[in-house]
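Structure data (compact mmCIF, C-alpha atoms and all ligand atoms) from model_6.txt:
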# COMPACT_ATOMS: atom_id res chain seq x y z
CA MET N 1 34.33 -13.85 -26.49
CA ASN N 2 35.98 -10.55 -25.71
CA ILE N 3 36.24 -9.42 -22.13
CA HIS N 4 34.63 -6.04 -21.43
CA TYR N 5 35.24 -3.81 -18.46
CA THR N 6 33.81 -0.65 -16.99
CA SER N 7 33.59 1.29 -13.77
CA ILE N 8 29.88 1.52 -12.97
CA ASN N 9 30.93 3.99 -10.28
CA THR N 10 34.08 4.60 -8.30
CA GLY N 11 35.05 7.02 -5.55
CA SER N 12 34.75 7.26 -1.82
CA ASN N 13 31.01 7.75 -2.48
CA GLY N 14 30.57 4.23 -3.91
CA ASN N 15 32.37 1.58 -5.93
CA CYS N 16 31.21 -1.02 -8.43
CA PHE N 17 33.15 -2.49 -11.35
CA TYR N 18 32.01 -4.81 -14.16
CA ILE N 19 34.29 -7.31 -15.93
CA GLY N 20 33.10 -9.97 -18.39
CA ASN N 21 30.72 -10.31 -21.30
CA ALA N 22 27.20 -11.36 -22.20
CA GLY N 23 28.06 -14.99 -21.46
CA GLU N 24 29.67 -14.55 -18.09
CA ALA N 25 30.62 -11.57 -15.97
CA ILE N 26 31.39 -10.49 -12.44
CA LEU N 27 30.87 -7.37 -10.38
CA VAL N 28 33.47 -6.16 -7.94
CA ASP N 29 31.73 -4.49 -4.97
CA VAL N 30 28.24 -3.02 -4.83
CA GLY N 31 28.75 0.35 -3.18
CA ILE N 32 25.95 2.17 -5.01
CA ARG N 33 22.17 2.02 -4.95
CA LYS N 34 20.55 -0.84 -6.84
CA SER N 35 18.56 1.60 -8.98
CA VAL N 36 21.74 3.43 -10.04
CA LEU N 37 23.54 0.16 -10.75
CA LEU N 38 20.71 -1.24 -12.87
CA SER N 39 20.12 1.92 -14.88
CA ARG N 40 23.81 2.40 -15.63
CA MET N 41 24.17 -1.25 -16.65
CA GLU N 42 21.17 -0.91 -18.94
CA SER N 43 22.63 2.23 -20.52
CA LEU N 44 25.75 0.19 -21.34
CA GLY N 45 23.75 -2.73 -22.76
CA LEU N 46 24.60 -4.95 -19.77
CA SER N 47 22.26 -7.29 -17.92
CA MET N 48 22.29 -8.66 -14.38
CA ASN N 49 21.64 -12.06 -15.97
CA GLU N 50 25.27 -12.01 -17.08
CA ILE N 51 26.55 -11.67 -13.53
CA LYS N 52 27.76 -15.04 -12.21
CA GLY N 53 29.39 -13.72 -9.06
CA ILE N 54 29.94 -10.61 -6.99
CA PHE N 55 33.28 -10.10 -5.26
CA ILE N 56 33.04 -8.04 -2.08
CA THR N 57 36.56 -6.82 -1.36
CA HIS N 58 35.77 -5.49 2.14
CA GLU N 59 32.94 -4.29 4.30
CA HIS N 60 33.25 -0.50 4.09
CA SER N 61 29.95 1.06 3.07
CA ASP N 62 31.27 2.48 -0.21
CA HIS N 63 31.69 -1.18 -1.28
CA ILE N 64 28.49 -2.77 0.04
CA PHE N 65 25.88 0.00 0.17
CA GLY N 66 23.57 -1.56 -2.45
CA LEU N 67 24.17 -5.22 -1.61
CA ARG N 68 21.08 -6.00 0.43
CA THR N 69 18.56 -4.52 -2.01
CA LEU N 70 20.34 -6.06 -4.99
CA LEU N 71 20.20 -9.53 -3.42
CA ASN N 72 16.53 -9.06 -2.59
CA GLU N 73 15.92 -9.14 -6.34
CA PHE N 74 18.79 -11.20 -7.75
CA SER N 75 20.24 -14.42 -6.41
CA ILE N 76 23.94 -14.10 -7.17
CA PRO N 77 26.83 -15.85 -5.39
CA ILE N 78 28.90 -13.56 -3.18
CA TYR N 79 32.62 -14.26 -3.08
CA THR N 80 34.41 -12.85 -0.07
CA THR N 81 36.61 -13.82 2.86
CA PRO N 82 35.00 -15.39 5.95
CA GLU N 83 36.16 -12.38 7.98
CA CYS N 84 34.41 -9.95 5.64
CA TYR N 85 31.32 -12.18 5.55
CA GLN N 86 31.01 -11.87 9.32
CA GLN N 87 30.71 -8.12 8.82
CA ILE N 88 28.12 -8.26 6.03
CA ARG N 89 26.13 -11.43 6.79
CA HIS N 90 23.10 -9.37 7.85
CA LEU N 91 22.90 -8.06 4.28
CA MET N 92 22.69 -11.38 2.45
CA PRO N 93 21.27 -14.92 2.52
CA GLU N 94 23.81 -17.38 3.87
CA GLU N 95 23.38 -19.75 0.93
CA LEU N 96 24.88 -17.16 -1.43
CA PHE N 97 28.16 -16.97 0.49
CA ARG N 98 31.16 -18.44 -1.37
CA PRO N 99 34.16 -18.30 0.96
CA ILE N 100 37.50 -17.43 -0.56
CA ALA N 101 40.91 -16.76 0.92
CA ALA N 102 42.58 -13.38 0.55
CA ASN N 103 45.04 -15.17 -1.74
CA ASP N 104 42.95 -17.48 -3.88
CA GLN N 105 41.99 -18.43 -7.44
CA ILE N 106 38.43 -18.85 -8.64
CA ALA N 107 37.90 -20.32 -12.09
CA PHE N 108 35.00 -19.26 -14.29
CA GLN N 109 34.55 -20.58 -17.83
CA GLN N 110 36.17 -17.69 -19.69
CA PHE N 111 38.42 -16.18 -17.06
CA ARG N 112 39.97 -16.74 -13.68
CA VAL N 113 39.83 -14.39 -10.70
CA LYS N 114 42.91 -14.18 -8.52
CA SER N 115 42.46 -12.52 -5.14
CA PHE N 116 45.35 -11.08 -3.19
CA ALA N 117 45.70 -9.58 0.29
CA LYS N 118 46.13 -5.85 0.72
CA GLN N 119 46.83 -3.39 3.52
CA HIS N 120 43.58 -1.67 4.48
CA ASP N 121 41.69 -1.16 7.74
CA ALA N 122 39.02 -3.80 7.13
CA ALA N 123 38.42 -7.50 7.88
CA ASN N 124 40.85 -9.55 5.76
CA PRO N 125 40.40 -7.34 2.66
CA PHE N 126 41.59 -8.29 -0.81
CA SER N 127 41.92 -6.96 -4.34
CA ILE N 128 41.63 -8.95 -7.55
CA VAL N 129 43.17 -9.62 -10.93
CA VAL N 130 40.98 -11.16 -13.65
CA GLU N 131 43.07 -13.35 -15.94
CA SER N 132 41.83 -14.22 -19.42
CA GLY N 133 43.26 -15.36 -22.73
CA SER N 134 43.27 -11.72 -23.88
CA GLY N 135 45.15 -10.34 -20.87
CA ASN N 136 44.76 -9.42 -17.23
CA ILE N 137 42.60 -6.75 -15.60
CA GLY N 138 43.33 -5.57 -12.05
CA VAL N 139 40.95 -3.84 -9.66
CA ILE N 140 43.25 -2.28 -7.07
CA THR N 141 41.68 0.21 -4.68
CA ASP N 142 41.59 0.82 -0.92
CA CYS N 143 45.27 0.08 -0.39
CA GLY N 144 47.23 1.74 2.39
CA MET N 145 50.66 1.14 0.92
CA LEU N 146 52.56 -0.20 -2.03
CA CYS N 147 53.17 -3.57 -0.42
CA HIS N 148 54.92 -6.47 -2.14
CA SER N 149 51.64 -8.24 -2.93
CA LEU N 150 50.16 -5.15 -4.58
CA VAL N 151 53.27 -4.47 -6.66
CA ASN N 152 53.51 -8.11 -7.71
CA HIS N 153 49.92 -8.22 -8.98
CA PHE N 154 49.91 -4.73 -10.48
CA GLN N 155 52.78 -5.57 -12.75
CA GLN N 156 50.86 -8.53 -14.21
CA CYS N 157 48.06 -6.33 -15.56
CA GLN N 158 47.58 -4.87 -19.03
CA VAL N 159 44.51 -3.02 -17.75
CA VAL N 160 44.24 -1.64 -14.21
CA PHE N 161 41.64 0.19 -12.19
CA LEU N 162 44.10 1.84 -9.79
CA GLU N 163 43.29 3.90 -6.74
CA SER N 164 44.41 7.53 -6.87
CA ASN N 165 42.52 8.64 -3.80
CA TYR N 166 43.94 11.92 -2.60
CA CYS N 167 46.30 14.80 -3.19
CA PRO N 168 48.65 14.91 -0.16
CA GLU N 169 48.66 18.73 -0.04
CA MET N 170 44.87 18.95 -0.21
CA LEU N 171 44.58 16.39 2.57
CA ASP N 172 47.17 18.12 4.78
CA ASN N 173 45.62 21.56 4.29
CA GLY N 174 42.00 20.39 4.33
CA ARG N 175 39.34 20.41 7.00
CA TYR N 176 39.52 16.78 8.08
CA PRO N 177 40.40 16.13 11.73
CA LYS N 178 43.91 14.93 12.46
CA PHE N 179 42.96 11.33 13.22
CA LEU N 180 41.21 11.05 9.88
CA LYS N 181 44.13 12.51 7.96
CA HIS N 182 46.32 9.91 9.62
CA ARG N 183 43.85 7.16 8.84
CA ILE N 184 43.80 8.05 5.14
CA LYS N 185 47.53 8.43 4.62
CA GLY N 186 48.59 5.80 7.15
CA GLY N 187 49.58 2.35 5.98
CA LEU N 188 46.01 1.01 6.21
CA GLY N 189 44.22 3.80 4.34
CA HIS N 190 44.38 4.87 0.72
CA LEU N 191 46.86 5.47 -2.10
CA SER N 192 47.65 9.08 -2.98
CA ASN N 193 48.07 10.42 -6.50
CA ARG N 194 51.80 10.42 -5.84
CA GLN N 195 51.91 6.78 -4.71
CA ALA N 196 49.85 5.69 -7.71
CA LYS N 197 52.22 7.51 -10.06
CA GLU N 198 55.25 5.99 -8.32
CA LEU N 199 53.76 2.54 -8.81
CA VAL N 200 53.09 3.19 -12.49
CA ILE N 201 56.57 4.58 -13.13
CA SER N 202 58.42 1.76 -11.41
CA HIS N 203 56.30 -1.34 -11.79
CA ARG N 204 53.91 -1.21 -14.72
CA HIS N 205 53.51 -4.11 -17.14
CA PRO N 206 55.65 -3.52 -20.25
CA GLN N 207 52.46 -3.81 -22.30
CA LEU N 208 50.20 -1.78 -20.04
CA GLN N 209 47.31 -0.71 -22.28
CA HIS N 210 44.87 1.14 -20.09
CA LEU N 211 45.16 2.80 -16.69
CA ILE N 212 41.86 3.83 -15.10
CA LEU N 213 42.47 6.07 -12.09
CA SER N 214 39.82 5.19 -9.52
CA HIS N 215 38.40 5.77 -6.02
CA LEU N 216 38.98 9.54 -6.02
CA SER N 217 38.18 11.41 -2.82
CA GLY N 218 35.51 14.08 -3.13
CA ASN N 219 37.16 16.39 -0.59
CA ASN N 220 40.86 15.77 -1.03
CA ASN N 221 41.27 15.41 -4.78
CA ARG N 222 40.18 16.78 -8.14
CA PRO N 223 39.83 14.87 -11.42
CA GLN N 224 41.92 17.54 -13.15
CA LEU N 225 44.75 17.07 -10.64
CA VAL N 226 44.76 13.33 -11.31
CA SER N 227 44.63 13.92 -15.03
CA ASP N 228 47.59 16.33 -14.79
CA THR N 229 49.55 13.87 -12.63
CA PHE N 230 49.31 11.18 -15.31
CA SER N 231 49.35 13.33 -18.45
CA GLY N 232 52.93 12.38 -19.34
CA PHE N 233 51.98 8.77 -19.94
CA GLU N 234 49.37 9.25 -22.63
CA SER N 235 51.72 8.37 -25.47
CA ASP N 236 52.48 5.02 -23.78
CA PHE N 237 49.01 3.83 -22.75
CA LYS N 238 45.45 5.07 -22.45
CA VAL N 239 44.71 7.03 -19.28
CA THR N 240 41.16 7.44 -17.98
CA VAL N 241 40.17 9.26 -14.80
CA ALA N 242 37.04 7.44 -13.65
CA SER N 243 34.22 9.66 -12.47
CA ARG N 244 32.62 9.61 -9.03
CA ASP N 245 29.33 10.57 -10.69
CA ILE N 246 28.87 8.35 -13.72
CA ASN N 247 30.10 5.12 -15.28
CA THR N 248 33.05 5.01 -17.66
CA ASP N 249 32.56 3.76 -21.20
CA LEU N 250 32.47 0.02 -21.74
CA PHE N 251 35.94 -0.96 -22.93
CA VAL N 252 37.12 -4.16 -24.59
CA LEU N 253 40.25 -5.84 -23.28
CA GLY N 254 42.98 -5.69 -25.90
CA GLU N 255 41.08 -3.29 -28.14
CA ILE N 256 40.42 -0.11 -26.15
CA THR N 257 37.29 0.52 -28.14
CA VAL N 258 33.88 1.46 -26.91
CA ARG N 259 30.95 -0.94 -27.30
CA LYS N 260 28.34 1.64 -26.50
CA GLN N 261 28.47 5.26 -25.45
CA THR N 262 27.52 6.12 -21.91
CA LEU N 263 24.40 8.01 -21.03
CA ARG N 264 24.04 10.22 -18.03
CA VAL N 265 21.43 8.47 -15.99
CA GLU N 266 20.82 10.29 -12.78
CA ALA N 267 22.42 12.52 -10.22
CA PRO N 268 25.09 10.95 -8.05
CA GLN N 269 24.28 9.78 -4.59
CA GLN N 270 26.22 11.10 -1.64
CA LEU N 271 26.85 8.78 1.24
CA GLY N 272 28.71 11.39 3.25
CA LEU N 273 31.58 9.06 3.96
CA TRP N 274 34.76 10.21 5.60
CA GLU N 275 37.05 8.76 2.96
ZN ZN Y 1 36.58 2.40 -0.54
ZN ZN Y 2 37.76 0.85 2.31

Any chance you could give the structure as structure tokens?
Ligand SMILES: [Zn+2]
Ligand SMILES: [Zn+2]
Amino acid sequence: MNIHYTSINTGSNGNCFYIGNAGEAILVDVGIRKSVLLSRMESLGLSMNEIKGIFITHEHSDHIFGLRTLLNEFSIPIYTTPECYQQIRHLMPEELFRPIAANDQIAFQQFRVKSFAKQHDAANPFSIVVESGSGNIGVITDCGMLCHSLVNHFQQCQVVFLESNYCPEMLDNGRYPKFLKHRIKGGLGHLSNRQAKELVISHRHPQLQHLILSHLSGNNNRPQLVSDTFSGFESDFKVTVASRDINTDLFVLGEITVRKQTLRVEAPQQLGLWE
């Protein structure tokens, strides 16, 4: 079966990604309300019954906000590091915890999930690459720097959700306090538009098909800026700037076609996060 992928939501206001198909799928992070998650999945023709595991990359609220209420209704295994679990154990039944290392491989029937360590100010955080017979899909957000591990995994992916969090000039000239500016652009914060572009220029897979710019800041970035930054690549691969307010279309790995058009479901939530 084809592997589908979509951003249910991404941004410093909440992150949740879907990868898989009707037989078997995973979510990466649950940083949005359960009601928003379920309605957006329904609009895409997706069901929670498909979800065989949820990967929680780290404990920041834009990655776990909806976890407790989701697990009140659905019993789904949670894959995360023991260090992250210590931070989120109050949100979930212990029996759902599936410990993984930051550098690990978890086999499902139709694909394999490879986790890898990243530089971010959280408890043993990781990102993932989903490997399937049709190609590899990376979910790479919340990275403070272009470390060796990130570069190595990025270049294996034909499809990538890649963080493009902030515009350096907007951050420098913006209203955030100094310590927060340093947190964001320090080595344990987030990737800027410039860093994401540098990564794409120097290290992309020769057959990169689809780049989905993700985890945009609400205060220090604009979708149009990101779109302009990556406009030169559109003859080489598909470029999508994922919205902070709505899901992307449901794409098919290797086909870049849309299974079902998106519907606007409801107004975005605001968590008021300093990211
Ligand atoms: Zn985040
Ligand atoms: Zn984070």

* To do: Go through N:Gly189, N:Gly45, N:Gly133, N:Gly174 one by one, measure the shortest atom-to-atom distance of each to ligand ZN 2 (chain Y) using only C-alpha atoms and all ligand atoms, and give the residue with the smallest value.
  => N:Gly189

* To do: Please extract the residues at most 10 Å from ligand ZN 2 (chain Y), counting only C-alpha atoms and all ligand atoms, and provide them as a list in words, using the chain letters and residue numbers of this document.
  => Ser12, Asn15, Thr57, His58, Glu59, His60, Ser61, Asp62, His63, His120, Asp121, Ala122, Pro125, Thr141, Asp142, Cys143, Gly144, Ile184, Leu188, Gly189, His190, His215 and Glu275 of chain N

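Closest approach to ligand ZN 1 (chain Y) among N:Ile201, N:Ala22, N:Leu216, N:Met1 is made by N:Leu216 (distances from all atoms listed in the file).
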
* For N:Asn247, list every protein, DNA or RNA residue within 7 Å, evaluated using only C-alpha atoms, and leave out those in the same chain fewer than 3 positions away; present the list as a PyMOL selection string. => chain N and resi 7-9+40+243

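Comparing N:Phe233, N:Phe74, N:Phe116, N:Phe126 by their smallest distance to ligand ZN 1 (chain Y), the closest is N:Phe126 (using all atoms listed in the file).
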
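Every protein or nucleic acid residue with an atom no more than 8 Å from N:Tyr166, counting all atoms listed in the file and leaving out same-chain residues fewer than 3 positions away, appears here: Met170, Leu171, His190, Leu191, Ser192, Asn193, Leu216, Ser217, Asn220 and Asn221 of chain N.
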
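Between ligand ZN 1 (chain Y) and the candidates N:Leu71, N:Gln109, N:Ala117, N:Ser214, the tightest atom-to-atom separation, counting all atoms listed in the file, involves N:Ser214.
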
* Of the residues N:Ile54, N:Ile106, N:Leu96, N:Ile76, which is the one nearest to N:Phe17, using all atoms listed in the file? -> N:Ile54

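Closest approach to ligand ZN 1 (chain Y) among N:Gly31, N:Gly23, N:Gly66, N:Pro93: N:Gly31, based on all atoms listed in the file.
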
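The environment of N:Ser132 within 10 Å, counting only C-alpha atoms and disregarding residues fewer than 4 places along the same chain, consists of Asn2, Ile3, Gly20, Phe108, Gln109, Gln110, Phe111, Arg112, Val113, Asn136, Ile137 and Leu253 of chain N.
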
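The space between atom CA of N:Cys147 and atom CA of N:Arg222 spans 25.3 Å.
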
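Residues in contact with N:Gln158 at up to 9 Å, not including ones fewer than 5 positions away on its chain and judged by only C-alpha atoms, are Gly135, Asn136, Ile137, Gly138, Arg204, His205, Pro206, Gln207, Leu208, Gln209, His210, Leu211, Leu253 and Gly254 of chain N.
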
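Coordinates place atom CA of N:Asp245 at a distance of 25.3 Å from atom CA of N:Ile78.
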
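The space between atom CA of N:Phe55 and atom CA of N:Val28 spans 4.8 Å.
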
* Fewer than 2 positions away in the same chain doesn't count, so skip those; otherwise give me all residues within 9 Å of N:Ala196, counting all atoms listed in the file, as a list in words. => Leu146, Leu162, Glu163, Ser164, Asn165, Leu191, Ser192, Asn193, Arg194, Glu198, Leu199, Val200, Ile201 and Leu213 of chain N
